[in-house]
Every structure is written in C-alpha cells, then in structure tokens.
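Next comes input28.txt, with compact mmCIF, C-alpha atoms and all ligand atoms.
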# COMPACT_ATOMS: atom_id res chain seq x y z
CA VAL X 415 84.24 -16.81 32.10
CA PRO X 416 88.03 -16.96 31.70
CA LEU X 417 88.27 -13.57 29.94
CA ASP X 418 86.21 -11.78 32.58
CA ARG X 419 89.19 -10.25 34.35
CA VAL X 420 91.10 -9.43 31.17
CA ALA X 421 88.13 -7.86 29.40
CA PRO X 422 88.19 -4.54 31.32
CA ALA X 423 91.87 -4.10 30.48
CA LEU X 424 91.17 -4.76 26.80
CA ALA X 425 88.28 -2.29 26.87
CA ALA X 426 90.51 0.33 28.49
CA GLN X 427 93.09 -0.12 25.74
CA LEU X 428 90.41 0.33 23.10
CA ALA X 429 89.09 3.43 24.84
CA ALA X 430 92.60 4.91 24.90
CA ILE X 431 92.92 4.28 21.15
CA ASP X 432 89.56 5.96 20.56
CA ASP X 433 90.56 8.92 22.75
CA ARG X 434 93.65 9.46 20.62
CA GLY X 435 91.46 9.49 17.51
CA VAL X 436 93.54 6.79 15.81
CA ALA X 437 91.06 3.89 15.71
CA LYS X 438 91.45 1.63 12.67
CA ARG X 439 88.86 -1.03 13.32
CA HIS X 440 85.88 0.75 11.75
CA GLU X 441 86.93 -0.45 8.33
CA PRO X 442 84.97 0.80 5.35
CA VAL X 443 83.32 -2.16 3.62
CA ILE X 444 83.53 -2.00 -0.15
CA THR X 445 80.30 -3.34 -1.58
CA ALA X 446 80.99 -2.73 -5.26
CA VAL X 447 83.71 -1.67 -7.68
CA LEU X 448 82.09 0.33 -10.47
CA PRO X 449 83.94 0.17 -13.79
CA ALA X 450 85.28 3.25 -15.59
CA ARG X 451 82.68 5.24 -17.53
CA GLY X 452 83.47 7.89 -20.14
CA GLU X 453 85.83 10.49 -18.68
CA LEU X 454 85.73 8.92 -15.24
CA GLY X 455 87.82 6.07 -13.89
CA PRO X 456 86.45 3.33 -11.61
CA ARG X 457 84.60 4.20 -8.40
CA VAL X 458 83.77 2.16 -5.31
CA GLU X 459 80.64 1.95 -3.19
CA LEU X 460 80.71 1.52 0.57
CA ALA X 461 78.36 -0.22 2.95
CA GLY X 462 75.87 2.17 4.49
CA GLU X 463 76.10 4.59 1.57
CA PRO X 464 74.44 2.81 -1.37
CA GLY X 465 74.43 4.60 -4.70
CA ARG X 466 77.21 6.97 -3.66
CA PRO X 467 80.37 6.50 -5.76
CA PHE X 468 83.77 7.23 -4.19
CA LEU X 469 87.03 8.05 -5.95
CA ARG X 470 89.56 5.72 -4.37
CA CYS X 471 92.91 7.42 -3.69
CA ASN X 472 93.95 5.14 -0.83
CA ALA X 473 94.89 1.89 -2.60
CA ASN X 474 98.33 0.59 -3.51
CA GLY X 475 97.27 -0.67 -6.93
CA TYR X 476 99.32 1.88 -8.82
CA LEU X 477 98.86 0.18 -12.18
CA GLY X 478 95.23 -0.87 -11.83
CA MET X 479 96.26 -4.52 -12.24
CA ALA X 480 93.93 -6.04 -9.62
CA THR X 481 90.80 -5.67 -11.72
CA ARG X 482 92.33 -6.36 -15.14
CA HIS X 483 90.65 -9.20 -16.97
CA GLU X 484 94.00 -10.85 -17.82
CA LEU X 485 94.78 -11.29 -14.11
CA CYS X 486 91.27 -12.38 -13.18
CA ALA X 487 91.28 -14.95 -16.00
CA ALA X 488 94.72 -16.29 -15.01
CA ALA X 489 93.64 -16.60 -11.38
CA GLU X 490 90.46 -18.36 -12.41
CA ARG X 491 92.28 -20.86 -14.67
CA ALA X 492 94.83 -21.72 -11.97
CA THR X 493 92.11 -21.98 -9.33
CA GLU X 494 90.07 -24.35 -11.49
CA ALA X 495 93.19 -26.43 -12.15
CA PHE X 496 94.68 -26.60 -8.64
CA GLY X 497 92.03 -25.43 -6.19
CA VAL X 498 91.70 -22.23 -4.17
CA GLY X 499 94.15 -22.84 -1.34
CA PRO X 500 97.52 -24.61 -1.27
CA GLN X 501 96.32 -27.10 1.42
CA ALA X 502 99.72 -27.28 3.13
CA VAL X 503 103.17 -25.79 3.13
CA ARG X 504 105.21 -26.52 0.04
CA PHE X 505 107.71 -29.05 1.35
CA ILE X 506 104.93 -31.18 2.82
CA SER X 507 102.28 -31.58 0.15
CA GLY X 508 104.22 -30.35 -2.87
CA THR X 509 104.41 -27.05 -4.66
CA HIS X 510 102.29 -25.98 -7.65
CA THR X 511 103.46 -25.06 -11.12
CA PRO X 512 102.23 -21.41 -10.83
CA HIS X 513 104.51 -20.88 -7.79
CA VAL X 514 107.52 -22.35 -9.57
CA ALA X 515 106.88 -20.35 -12.74
CA LEU X 516 106.35 -17.16 -10.72
CA GLU X 517 109.62 -17.56 -8.83
CA ALA X 518 111.55 -18.09 -12.08
CA ARG X 519 109.87 -14.99 -13.58
CA LEU X 520 110.61 -12.86 -10.51
CA ALA X 521 114.26 -13.88 -10.51
CA ALA X 522 114.59 -13.06 -14.21
CA PHE X 523 112.69 -9.76 -13.85
CA HIS X 524 115.01 -8.55 -11.09
CA GLY X 525 118.17 -10.09 -12.58
CA ARG X 526 118.79 -12.44 -9.64
CA GLU X 527 119.74 -16.09 -9.39
CA CYS X 528 116.66 -17.06 -7.46
CA ALA X 529 113.39 -15.93 -5.88
CA VAL X 530 111.29 -17.36 -3.06
CA VAL X 531 107.60 -16.49 -2.69
CA PHE X 532 106.09 -15.98 0.78
CA GLY X 533 102.54 -15.36 2.00
CA SER X 534 103.19 -11.59 2.07
CA ALA X 535 106.08 -9.14 1.97
CA TYR X 536 105.73 -8.84 5.75
CA ALA X 537 106.16 -12.61 6.06
CA ALA X 538 109.10 -12.47 3.64
CA MET X 539 110.97 -9.93 5.77
CA VAL X 540 110.13 -11.71 9.02
CA GLY X 541 111.37 -14.96 7.45
CA LEU X 542 114.49 -13.44 5.94
CA LEU X 543 116.17 -11.40 8.67
CA PRO X 544 116.40 -14.17 11.30
CA VAL X 545 118.10 -16.31 8.63
CA LEU X 546 120.59 -13.60 7.64
CA VAL X 547 121.32 -12.36 11.15
CA THR X 548 123.71 -14.22 13.47
CA PRO X 549 124.37 -13.46 17.16
CA THR X 550 127.39 -11.41 16.05
CA THR X 551 125.54 -9.42 13.37
CA ALA X 552 124.66 -5.72 13.56
CA VAL X 553 121.47 -4.52 11.84
CA VAL X 554 121.53 -0.93 10.63
CA SER X 555 118.16 0.55 9.70
CA ASP X 556 116.63 3.76 8.27
CA GLU X 557 114.56 5.47 11.00
CA LEU X 558 111.40 5.43 8.87
CA ASN X 559 111.56 1.77 7.86
CA HIS X 560 108.33 -0.18 7.59
CA ASN X 561 107.03 -2.02 10.64
CA CYS X 562 107.88 -5.41 9.08
CA ILE X 563 111.58 -4.50 9.10
CA ILE X 564 111.47 -3.26 12.68
CA ASN X 565 109.77 -6.42 13.93
CA ALA X 566 111.90 -8.73 11.78
CA ALA X 567 115.06 -7.11 13.17
CA ARG X 568 113.78 -7.57 16.74
CA LEU X 569 112.95 -11.19 16.10
CA ALA X 570 116.39 -11.79 14.58
CA GLN X 571 118.09 -10.80 17.88
CA PRO X 572 121.22 -9.22 16.43
CA ALA X 573 124.19 -8.18 18.56
CA GLN X 574 123.27 -4.56 17.86
CA ARG X 575 120.50 -2.56 16.23
CA LEU X 576 121.46 0.87 14.94
CA VAL X 577 119.22 3.45 13.30
CA TYR X 578 120.28 6.22 10.91
CA ARG X 579 118.36 9.38 10.02
CA HIS X 580 115.94 9.00 7.14
CA LEU X 581 117.86 8.74 3.82
CA ASP X 582 120.93 10.33 5.45
CA MET X 583 123.84 8.42 3.94
CA GLY X 584 126.38 10.46 5.93
CA HIS X 585 124.69 9.30 9.11
CA LEU X 586 124.65 5.70 7.83
CA ASP X 587 128.41 6.06 7.32
CA ASP X 588 128.78 7.31 10.93
CA MET X 589 126.71 4.38 12.20
CA LEU X 590 128.87 1.89 10.32
CA HIS X 591 131.99 3.47 11.82
CA ALA X 592 130.38 2.97 15.24
CA VAL X 593 129.89 -0.79 14.77
CA PRO X 594 132.41 -2.52 17.11
CA PRO X 595 135.02 -4.99 15.77
CA THR X 596 133.36 -7.86 17.69
CA VAL X 597 130.64 -7.77 15.04
CA THR X 598 131.31 -10.18 12.16
CA ARG X 599 128.47 -9.27 9.79
CA VAL X 600 126.47 -6.12 9.13
CA VAL X 601 123.02 -6.03 7.52
CA VAL X 602 121.92 -2.60 6.29
CA VAL X 603 118.19 -2.69 5.72
CA THR X 604 115.92 -0.08 4.20
CA ASP X 605 112.63 0.42 2.45
CA GLY X 606 113.16 1.19 -1.24
CA VAL X 607 110.20 3.54 -1.54
CA PHE X 608 108.89 4.89 1.78
CA SER X 609 105.15 4.51 1.55
CA MET X 610 104.19 7.46 3.73
CA ARG X 611 106.20 9.92 1.69
CA GLY X 612 106.82 8.51 -1.79
CA ASP X 613 110.55 9.23 -1.49
CA HIS X 614 113.14 6.48 -1.94
CA ALA X 615 116.53 5.29 -0.76
CA PRO X 616 119.55 6.44 -2.81
CA LEU X 617 120.75 2.90 -3.46
CA GLN X 618 123.79 3.82 -5.53
CA VAL X 619 125.17 6.00 -2.74
CA LEU X 620 124.15 3.42 -0.14
CA GLY X 621 126.15 0.81 -2.06
CA GLU X 622 129.20 3.10 -2.11
CA VAL X 623 128.92 3.79 1.63
CA ILE X 624 128.63 0.17 2.65
CA GLY X 625 131.39 -0.79 0.20
CA ARG X 626 133.80 1.38 2.21
CA HIS X 627 133.09 -0.69 5.35
CA HIS X 628 132.91 -4.12 3.75
CA ALA X 629 136.47 -5.22 4.50
CA ARG X 630 136.24 -4.47 8.24
CA PHE X 631 133.87 -7.36 8.97
CA ASP X 632 134.47 -11.10 8.44
CA ASP X 633 131.25 -11.53 6.43
CA GLY X 634 131.20 -7.96 5.13
CA VAL X 635 128.24 -5.58 4.93
CA ILE X 636 125.07 -6.74 3.18
CA SER X 637 122.22 -4.56 1.93
CA VAL X 638 118.58 -5.67 2.16
CA VAL X 639 115.99 -3.51 0.40
CA ASP X 640 112.22 -3.87 0.75
CA ASP X 641 110.81 -2.21 -2.34
CA SER X 642 107.18 -3.17 -1.89
CA HIS X 643 106.01 0.25 -3.06
CA GLY X 644 108.71 0.63 -5.72
CA VAL X 645 108.13 -2.36 -7.99
CA GLY X 646 105.65 -1.40 -10.68
CA ALA X 647 105.79 2.25 -9.65
CA LEU X 648 109.34 3.58 -10.06
CA GLY X 649 111.92 3.23 -12.82
CA ALA X 650 111.61 3.30 -16.61
CA THR X 651 110.51 -0.34 -16.70
CA GLY X 652 108.91 -0.54 -13.25
CA ARG X 653 111.80 -2.34 -11.60
CA GLY X 654 111.56 0.04 -8.71
CA THR X 655 114.09 1.89 -6.61
CA GLU X 656 117.06 -0.02 -8.01
CA GLU X 657 116.23 1.27 -11.46
CA ALA X 658 115.37 4.78 -10.28
CA SER X 659 118.52 5.19 -8.19
CA ALA X 660 120.97 3.15 -10.30
CA GLY X 661 121.80 0.93 -7.35
CA ARG X 662 121.47 -2.71 -6.44
CA ALA X 663 120.49 -4.50 -3.26
CA ASP X 664 122.31 -7.64 -2.21
CA VAL X 665 118.96 -9.06 -1.14
CA PHE X 666 115.73 -7.72 -2.61
CA VAL X 667 112.29 -8.03 -1.00
CA ALA X 668 108.95 -6.87 -2.38
CA THR X 669 105.24 -7.57 -2.45
CA LEU X 670 102.95 -9.03 -5.09
CA GLY X 671 100.05 -7.22 -3.45
CA LYS X 672 100.47 -3.60 -4.49
CA ALA X 673 101.31 -2.52 -8.07
CA LEU X 674 101.27 -6.14 -9.23
CA GLY X 675 97.65 -6.42 -8.14
CA ALA X 676 97.75 -9.94 -6.64
CA ASN X 677 98.87 -10.96 -3.16
CA GLY X 678 102.00 -12.38 -1.53
CA GLY X 679 105.62 -11.35 -1.11
CA TYR X 680 109.06 -12.46 -2.25
CA VAL X 681 112.79 -12.44 -1.66
CA CYS X 682 115.26 -12.37 -4.58
CA GLY X 683 118.95 -13.10 -4.20
CA PRO X 684 121.69 -15.68 -4.57
CA ALA X 685 120.65 -19.34 -4.91
CA ALA X 686 122.31 -20.34 -1.64
CA LEU X 687 120.25 -17.79 0.30
CA CYS X 688 117.01 -18.86 -1.40
CA ASP X 689 117.75 -22.52 -0.66
CA LEU X 690 118.48 -21.69 2.97
CA LEU X 691 115.21 -19.75 3.24
CA ARG X 692 113.33 -22.82 2.01
CA GLU X 693 115.08 -24.81 4.74
CA THR X 694 114.92 -22.43 7.69
CA ALA X 695 112.75 -19.32 7.21
CA ALA X 696 109.94 -19.87 9.72
CA THR X 697 107.31 -18.04 7.68
CA TYR X 698 108.15 -20.24 4.67
CA VAL X 699 108.61 -23.61 6.37
CA PHE X 700 105.70 -23.34 8.82
CA SER X 701 103.21 -21.18 6.92
CA ASN X 702 101.17 -21.74 3.77
CA PRO X 703 102.17 -20.06 0.52
CA ILE X 704 99.76 -17.92 -1.49
CA GLY X 705 97.13 -19.81 -3.44
CA PRO X 706 97.79 -20.95 -7.01
CA GLY X 707 95.35 -18.32 -8.31
CA ASP X 708 97.32 -15.48 -6.73
CA ALA X 709 100.58 -16.92 -8.10
CA ALA X 710 99.15 -17.13 -11.63
CA ALA X 711 97.74 -13.60 -11.39
CA ALA X 712 101.10 -12.23 -10.22
CA LEU X 713 102.90 -14.02 -13.05
CA THR X 714 100.49 -12.44 -15.55
CA ALA X 715 101.02 -9.02 -13.96
CA LEU X 716 104.78 -9.37 -14.39
CA ASP X 717 104.38 -10.35 -18.04
CA LEU X 718 102.18 -7.30 -18.62
CA LEU X 719 104.47 -4.96 -16.67
CA ASP X 720 107.50 -6.15 -18.62
CA GLY X 721 106.03 -5.20 -22.01
CA PRO X 722 104.17 -2.44 -23.88
CA VAL X 723 101.17 -2.55 -21.54
CA GLY X 724 103.46 -1.91 -18.57
CA ARG X 725 105.17 1.03 -20.29
CA GLU X 726 101.82 2.59 -21.06
CA LEU X 727 100.50 2.10 -17.52
CA LEU X 728 103.68 3.54 -16.02
CA ALA X 729 103.48 6.57 -18.31
CA ARG X 730 99.83 7.08 -17.36
CA VAL X 731 100.30 6.82 -13.59
CA ARG X 732 103.29 9.18 -13.79
CA ALA X 733 101.31 11.75 -15.74
CA ARG X 734 98.47 11.64 -13.19
CA ALA X 735 100.88 11.87 -10.22
CA ALA X 736 102.57 14.88 -11.85
CA GLN X 737 99.13 16.47 -12.45
CA LEU X 738 98.19 15.99 -8.80
CA ARG X 739 101.52 17.23 -7.40
CA ALA X 740 101.41 20.34 -9.58
CA GLY X 741 97.78 20.99 -8.65
CA ILE X 742 98.46 20.64 -4.93
CA VAL X 743 101.32 23.14 -5.15
CA ALA X 744 99.23 25.53 -7.26
CA LEU X 745 96.56 25.52 -4.54
CA GLY X 746 99.18 26.59 -1.99
CA TYR X 747 99.46 23.28 -0.17
CA GLU X 748 102.74 21.58 0.72
CA THR X 749 103.76 18.28 -0.85
CA ILE X 750 106.92 16.17 -1.13
CA ALA X 751 108.65 16.37 -4.50
CA GLY X 752 109.10 13.17 -6.44
CA GLU X 753 107.78 10.95 -9.19
CA HIS X 754 106.11 8.27 -7.15
CA PRO X 755 102.31 7.82 -7.22
CA VAL X 756 102.23 8.32 -3.45
CA VAL X 757 101.48 12.05 -3.36
CA PRO X 758 101.41 13.48 0.17
CA LEU X 759 99.62 16.68 1.07
CA VAL X 760 101.47 17.77 4.18
CA THR X 761 99.33 19.73 6.67
CA ARG X 762 101.65 19.48 9.71
CA ASP X 763 98.61 19.87 11.97
CA GLY X 764 96.50 17.05 13.41
CA ASP X 765 93.23 19.02 13.56
CA ARG X 766 93.59 20.42 10.06
CA ASN X 767 94.54 16.97 8.82
CA ARG X 768 91.41 15.41 10.29
CA ALA X 769 89.22 18.24 8.97
CA LEU X 770 90.65 17.88 5.46
CA ALA X 771 90.21 14.10 5.53
CA ALA X 772 86.57 14.57 6.57
CA HIS X 773 86.07 17.19 3.82
CA LEU X 774 87.47 14.80 1.21
CA ARG X 775 85.27 11.95 2.43
CA ALA X 776 82.19 14.16 2.46
CA ASN X 777 82.96 15.07 -1.14
CA GLY X 778 83.41 11.53 -2.39
CA VAL X 779 87.21 11.10 -2.15
CA LEU X 780 88.88 8.32 -0.16
CA ALA X 781 92.39 9.20 1.05
CA THR X 782 94.44 8.33 4.13
CA ALA X 783 95.01 10.80 6.96
CA LEU X 784 98.34 10.07 8.66
CA SER X 785 99.42 11.47 12.00
CA TYR X 786 101.84 10.51 14.78
CA PRO X 787 102.85 7.70 15.45
CA VAL X 788 102.43 6.52 11.84
CA VAL X 789 104.45 9.55 10.71
CA PRO X 790 106.82 11.64 12.88
CA ARG X 791 105.22 14.37 15.02
CA GLY X 792 104.52 17.46 12.94
CA ASP X 793 104.54 15.53 9.66
CA ASP X 794 100.73 15.06 9.57
CA GLU X 795 99.65 14.49 6.02
CA ILE X 796 96.91 13.29 3.73
CA ARG X 797 98.32 10.55 1.54
CA PHE X 798 96.91 10.33 -1.97
CA GLN X 799 97.75 7.26 -4.02
CA VAL X 800 97.40 7.72 -7.72
CA SER X 801 96.66 4.88 -10.10
CA ALA X 802 96.91 4.36 -13.84
CA GLU X 803 93.15 3.85 -13.67
CA HIS X 804 92.62 7.45 -12.60
CA THR X 805 91.75 9.80 -15.43
CA THR X 806 92.72 13.45 -15.81
CA SER X 807 89.09 14.24 -14.91
CA ASP X 808 89.41 12.21 -11.71
CA VAL X 809 92.48 14.18 -10.66
CA ALA X 810 90.77 17.43 -11.61
CA GLU X 811 87.78 16.39 -9.46
CA LEU X 812 90.08 15.69 -6.52
CA LEU X 813 91.82 19.06 -6.96
CA GLY X 814 88.40 20.73 -7.05
CA VAL X 815 87.59 19.19 -3.66
CA LEU X 816 90.94 20.38 -2.29
CA ALA X 817 90.27 23.87 -3.65
CA SER X 818 86.95 24.03 -1.79
CA PHE X 819 88.50 23.25 1.62
CA PRO X 820 88.12 26.44 3.66
CA ASP X 821 91.35 26.09 5.70
CA ARG X 822 94.11 25.79 3.08
CA GLY X 823 96.73 26.96 5.58
C1 LIG X 901 108.02 -1.54 2.82
C2 LIG X 901 106.84 -2.44 2.98
N1 LIG X 901 107.03 -3.74 3.23
C3 LIG X 901 106.00 -4.59 3.39
C4 LIG X 901 104.70 -4.15 3.28
C5 LIG X 901 103.59 -5.15 3.48
O1 LIG X 901 103.35 -5.85 2.30
P1 LIG X 901 102.42 -7.13 2.38
O2 LIG X 901 101.02 -6.63 2.45
O3 LIG X 901 102.71 -7.92 1.13
O4 LIG X 901 102.82 -7.85 3.60
C6 LIG X 901 104.45 -2.81 3.00
C7 LIG X 901 103.08 -2.31 2.83
O5 LIG X 901 102.38 -1.95 3.69
C8 LIG X 901 105.53 -1.93 2.86
O6 LIG X 901 105.33 -0.64 2.64

Transcribe the structure of this file into structure tokens.
Ligand SMILES: Cc1ncc(COP(=O)(O)O)c(C=O)c1O
Amino acid sequence: VPLDRVAPALAAQLAAIDDRGVAKRHEPVITAVLPARGELGPRVELAGEPGRPFLRCNANGYLGMATRHELCAAAERATEAFGVGPQAVRFISGTHTPHVALEARLAAFHGRECAVVFGSAYAAMVGLLPVLVTPTTAVVSDELNHNCIINAARLAQPAQRLVYRHLDMGHLDDMLHAVPPTVTRVVVVTDGVFSMRGDHAPLQVLGEVIGRHHARFDDGVISVVDDSHGVGALGATGRGTEEASAGRADVFVATLGKALGANGGYVCGPAALCDLLRETAATYVFSNPIGPGDAAAALTALDLLDGPVGRELLARVRARAAQLRAGIVALGYETIAGEHPVVPLVTRDGDRNRALAAHLRANGVLATALSYPVVPRGDDEIRFQVSAEHTTSDVAELLGVLASFPDRG
C-alpha cells in the first residue's frame, strides 16, 4: 500500500499532538439546536449526550443571525431559484444576482467603491495579499494577527516581513523607520478585532503613523484590516473597528460567517483593486464562490444590521457582555477590559485552564480553552463568546458555574 511507509510518521505526529493535550479532531457533533424558552436562550444538544442541553458560549454568531427566520427564508428562496451550489467559478459559468446584490450592499455599508465576495475571509486574505504585494513590497504585521494573514503574507513573497508588538503603534513606527529605501511599497496589515482577546487595533492612530511614512515609498504605505470579528460586533452601527476607533483602512476584509450569520468573506476597497482581484486573485479566479443561498442570507443580515433590529441586537449583546465581564471580575477572575462580545477569562495556567474548561463542560457550558501556541505562553484563557441570543439568566447561569469552580486562583 503506497501509504504504508508514511503512515507511521503520520501516527507519530498525531501522538505528539495528543501528548501536548491540544487535539482538535474530536469535534463535538451538534445534533439539535433547541429554541429559546421563557427566561432561557437557545441551547444545543451534542452527540453522545442526548437530552442534555448546553449553553453555547463558543460561537462567533454575536447577533444570533444564523438561526433567524429572515435569513433562513432568504437562503431558501435563493436556493430554490438558483440551486444550492454555484456550479463553477463566476467568470466561467456566470455570477448570480444574490452575489451581485450582496457586493453592492457591502460596498455601500462600508462606504467603499466596491466589494468582492470570496469563499471565506481566509480565502479573501490569501487572495488579496499576493495581488497587493510586489517583489519590492514590505509587509508589516501585528504579532497576534490571525493565521490567514500570516499565511497570506508568506504566499505573497514580499521583500521583507516585519512584525510589531501587539497594538504597539510606537513599535509599528519603529518598524516603518527600519524599512530600507529599496522597498517601493509597504502594506501594514492587522486584525481589526483580535479574536482571542476581544481587543482591537487603534485604527485612527495607525492611520496617523503610516501617514508619516507615506512619502518615503514610491507607492506609499497601505493599510489592510481584517475585521472578521468586528463587523456586527463593534461600533454604534456594527461597522466594526473602523467605527469604534474612528479610523479607516485602505483595504477592508471581513467575513460573512460570524456576526452576519451566513458564510463567506469579502474585500472592500477601490474599484481598480476589486477589478484586479477578479482578474488575478487565485482564490477568486480558481475557486468557487459561496452558494446563492449564503449570499442571500448575508444580504438579509446586512439589511437587518443596518436598521432598528441591528441596533437592538447590538444593544443586547453589549449588555450581556458587560454583565459577564463585571461578573467575572466580581468573582475575582482576570479578564481583558473592552466592549467586545469576546470575553476572556485569563487563567495564565495550562492545568487550571483545562480544569476550568472541564468544569464548565460538566456543568453544561461550552467555551473554548486557549493555551500556547494559540495564545502566547502564560496567556492561557477560557474564551467566552456572548451573543444577543443569550439572556440575562443565561449569563447568570454561566457565572454560577464559574462561582462553583474550586480553584478560582
Ligand atoms: C481575523 C480573522 N480572519 C479570518 C477568519 C476566518 O474567517 P472565515 O471563516 O470566513 O475564513 C477569522 C476567524 O477565525 C478571523 O478571526
């Protein structure tokens, strides 16, 4: 058998992962989503544990859009009209009206000339950076950037890759000073919201810093912001980190698969860039788009977000996040201050982190335990993700479970 000689090496790699206690492949299988009842928000059931409802605090659906009937109905209508899958890439067999309408809506929502939808935000970033980056470009990156940015920057093969300390705009300034004059273009790239911490890039200051270096390079300094966790979560109208930090990215990337409740990703920016992406971004030209149903659902989510429903959902998720943060502090745990529905409980200890995660699970709460290398060493945390679907009783239940953990530190 051809794999015979490779198989032991693969098994050894798996064993090493298991030894480190970081295995991800034993995925919980959700068998049912139970609707909200009375004081309680929705619950999920998992395979192997029938009849046992779990409070889900590990999903990115900050606004509870994914299960809203308006989105389900829009997806169903578009699916009936156009079919489930796109059947080919867009330039080959044609694009569908939901994709075109969604791109126009995204561009208008973010105040940009144009938007291009990709299969995911990961695919958007991996498509974008190789198009923006030339052999004489330097890429300058926040040290905690998402994996899609790190891999996209590698694939783009810039002249230089520089990394600045997390959110440290003074260090970004130093890095820009260090870029040699042989470089003709600089791309500064950052997450908007950092999903492990719920903090966000200070985009106004970032804009000022890069503005000071702009004239030194033939093509200037460009900012690219991936705000996958910011859209629908931060800012008075849910426009994300730009709104929360009074700044603006030159090129904006985000997902349709978190607060917007659908699936897919997008790039917003000037028309020339969007046109060039449709010509040359590998993950656009050679990879299918999202299905028409997802596009229609995302369009509906944007319409809802950009109106009274969105304001109400944003107010609700903020109130619940504030309730959880305050409760965590009152119990003597450490958290990271902020307004975002990612609410970390920082344990700084791998064993305690695992024990707390197990305690939560045993008491019906699903949350994510994060340790090195997902977060820096010593930053072990339990990440809670609050949703507008959570009720005050849900958060109180979660705090009750945290209060009953014997090792509060
Ligand atoms: C900053 C950032 N970019 C991209 C992604 C991936 O989004 P998608 O699932 O749409 O590829 C995530 C989420 O994990 C993220 O946090």

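Taking CA of Leu718 in chain X and CA of Leu738 in chain X as endpoints, the distance between them is 25.6 Å.
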
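Distance-wise, CA of Leu424 in chain X and CA of His440 in chain X end up 16.9 Å apart.
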
Notebook entry, point to check: Could you name the residues that touch Asp763 in chain X at 6 Å or less, counting all atoms listed in the file, but leaving out those on the same chain fewer than 3 positions away, as number ranges by chain?
Noted result: X: 766-767, 794

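Taking CA of Ala566 in chain X as the reference point, CA of Val554 in chain X is found at 12.4 Å.
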
Checklist line | Proximity to ligand LIG 901 (chain X) - best of X:Asn702, X:Ser534, X:Thr749, X:Ser801, all atoms listed in the file | finding: X:Ser534

For the contact check between chain X and ligand LIG 901 (chain X), emit one row per residue of chain X within 10 Å, containing the shortest atom pair and the distance in Å rounded to one decimal, counting all atoms listed in the file, chain then rising number order, as a tab-separated table.
residue	atom	partner	partner_atom	distance
X:Asn474	CA	X:LIG901	C7	8.4
X:Phe532	CA	X:LIG901	O3	8.7
X:Gly533	CA	X:LIG901	O3	7.5
X:Ser534	CA	X:LIG901	O3	3.8
X:Ala535	CA	X:LIG901	O3	3.7
X:Tyr536	CA	X:LIG901	O4	3.8
X:Ala537	CA	X:LIG901	O4	6.3
X:Ala538	CA	X:LIG901	O4	7.8
X:Met539	CA	X:LIG901	C3	7.7
X:Val540	CA	X:LIG901	O4	9.9
X:Leu558	CA	X:LIG901	C1	9.8
X:Asn559	CA	X:LIG901	C1	7.0
X:His560	CA	X:LIG901	C1	5.0
X:Asn561	CA	X:LIG901	N1	7.6
X:Cys562	CA	X:LIG901	C3	6.0
X:Ile563	CA	X:LIG901	N1	7.5
X:Thr604	CA	X:LIG901	C1	8.2
X:Asp605	CA	X:LIG901	C1	5.0
X:Gly606	CA	X:LIG901	C1	7.1
X:Val607	CA	X:LIG901	C1	7.0
X:Phe608	CA	X:LIG901	C1	6.6
X:Ser609	CA	X:LIG901	O6	5.3
X:Met610	CA	X:LIG901	O6	8.3
X:Val639	CA	X:LIG901	C1	8.6
X:Asp640	CA	X:LIG901	C1	5.2
X:Asp641	CA	X:LIG901	C1	5.9
X:Ser642	CA	X:LIG901	C2	4.9
X:His643	CA	X:LIG901	O6	5.8
X:Gly644	CA	X:LIG901	C1	8.8
X:Val667	CA	X:LIG901	N1	8.0
X:Ala668	CA	X:LIG901	N1	6.7
X:Thr669	CA	X:LIG901	O3	4.4
X:Leu670	CA	X:LIG901	O3	6.3
X:Gly671	CA	X:LIG901	O3	5.3
X:Lys672	CA	X:LIG901	O3	7.4
X:Ala676	CA	X:LIG901	O3	9.4
X:Asn677	CA	X:LIG901	O3	6.5
X:Gly678	CA	X:LIG901	O3	5.2
X:Gly679	CA	X:LIG901	O3	5.0
X:Tyr680	CA	X:LIG901	O3	8.5

Note to self: Report as JSON, numbers by chain all protein, DNA and RNA residues lying within 9 Å of Val815 in chain X, evaluated on only C-alpha atoms, omitting residues in the same chain fewer than 6 positions from it.
What the structure shows: {"X": [773, 774, 777, 778, 779]}

Complete range 493-504 of chain X with N, CA, C and O atoms (output as an mmCIF file, in the frame of the given file).
data_model
loop_
_atom_site.group_PDB
_atom_site.id
_atom_site.type_symbol
_atom_site.label_atom_id
_atom_site.label_comp_id
_atom_site.auth_asym_id
_atom_site.auth_seq_id
_atom_site.Cartn_x
_atom_site.Cartn_y
_atom_site.Cartn_z
ATOM 1 N N THR X 493 92.978 -21.528 -10.425
ATOM 2 C CA THR X 493 92.110 -21.980 -9.330
ATOM 3 C C THR X 493 91.328 -23.214 -9.752
ATOM 4 O O THR X 493 91.202 -24.185 -8.995
ATOM 5 N N GLU X 494 90.802 -23.183 -10.979
ATOM 6 C CA GLU X 494 90.070 -24.350 -11.490
ATOM 7 C C GLU X 494 91.003 -25.568 -11.563
ATOM 8 O O GLU X 494 90.613 -26.697 -11.274
ATOM 9 N N ALA X 495 92.256 -25.310 -11.950
ATOM 10 C CA ALA X 495 93.190 -26.430 -12.150
ATOM 11 C C ALA X 495 93.696 -27.015 -10.843
ATOM 12 O O ALA X 495 93.849 -28.237 -10.716
ATOM 13 N N PHE X 496 93.971 -26.129 -9.846
ATOM 14 C CA PHE X 496 94.680 -26.600 -8.640
ATOM 15 C C PHE X 496 93.889 -26.443 -7.348
ATOM 16 O O PHE X 496 94.310 -26.931 -6.303
ATOM 17 N N GLY X 497 92.794 -25.697 -7.407
ATOM 18 C CA GLY X 497 92.030 -25.430 -6.190
ATOM 19 C C GLY X 497 92.354 -24.040 -5.646
ATOM 20 O O GLY X 497 93.314 -23.392 -6.079
ATOM 21 N N VAL X 498 91.576 -23.606 -4.673
ATOM 22 C CA VAL X 498 91.700 -22.230 -4.170
ATOM 23 C C VAL X 498 92.939 -22.088 -3.281
ATOM 24 O O VAL X 498 93.775 -21.214 -3.475
ATOM 25 N N GLY X 499 93.044 -22.974 -2.300
ATOM 26 C CA GLY X 499 94.150 -22.840 -1.340
ATOM 27 C C GLY X 499 95.216 -23.880 -1.578
ATOM 28 O O GLY X 499 94.989 -24.891 -2.251
ATOM 29 N N PRO X 500 96.418 -23.673 -1.033
ATOM 30 C CA PRO X 500 97.520 -24.610 -1.270
ATOM 31 C C PRO X 500 97.402 -25.915 -0.468
ATOM 32 O O PRO X 500 98.070 -26.888 -0.780
ATOM 33 N N GLN X 501 96.613 -25.918 0.576
ATOM 34 C CA GLN X 501 96.320 -27.100 1.420
ATOM 35 C C GLN X 501 97.428 -27.535 2.358
ATOM 36 O O GLN X 501 97.216 -28.375 3.221
ATOM 37 N N ALA X 502 98.615 -27.005 2.188
ATOM 38 C CA ALA X 502 99.720 -27.280 3.130
ATOM 39 C C ALA X 502 100.919 -26.456 2.696
ATOM 40 O O ALA X 502 100.913 -25.844 1.623
ATOM 41 N N VAL X 503 101.932 -26.465 3.536
ATOM 42 C CA VAL X 503 103.170 -25.790 3.130
ATOM 43 C C VAL X 503 103.833 -26.592 2.014
ATOM 44 O O VAL X 503 103.514 -27.759 1.800
ATOM 45 N N ARG X 504 104.758 -25.951 1.319
ATOM 46 C CA ARG X 504 105.210 -26.520 0.040
ATOM 47 C C ARG X 504 106.038 -27.780 0.201
ATOM 48 O O ARG X 504 105.973 -28.677 -0.626
#
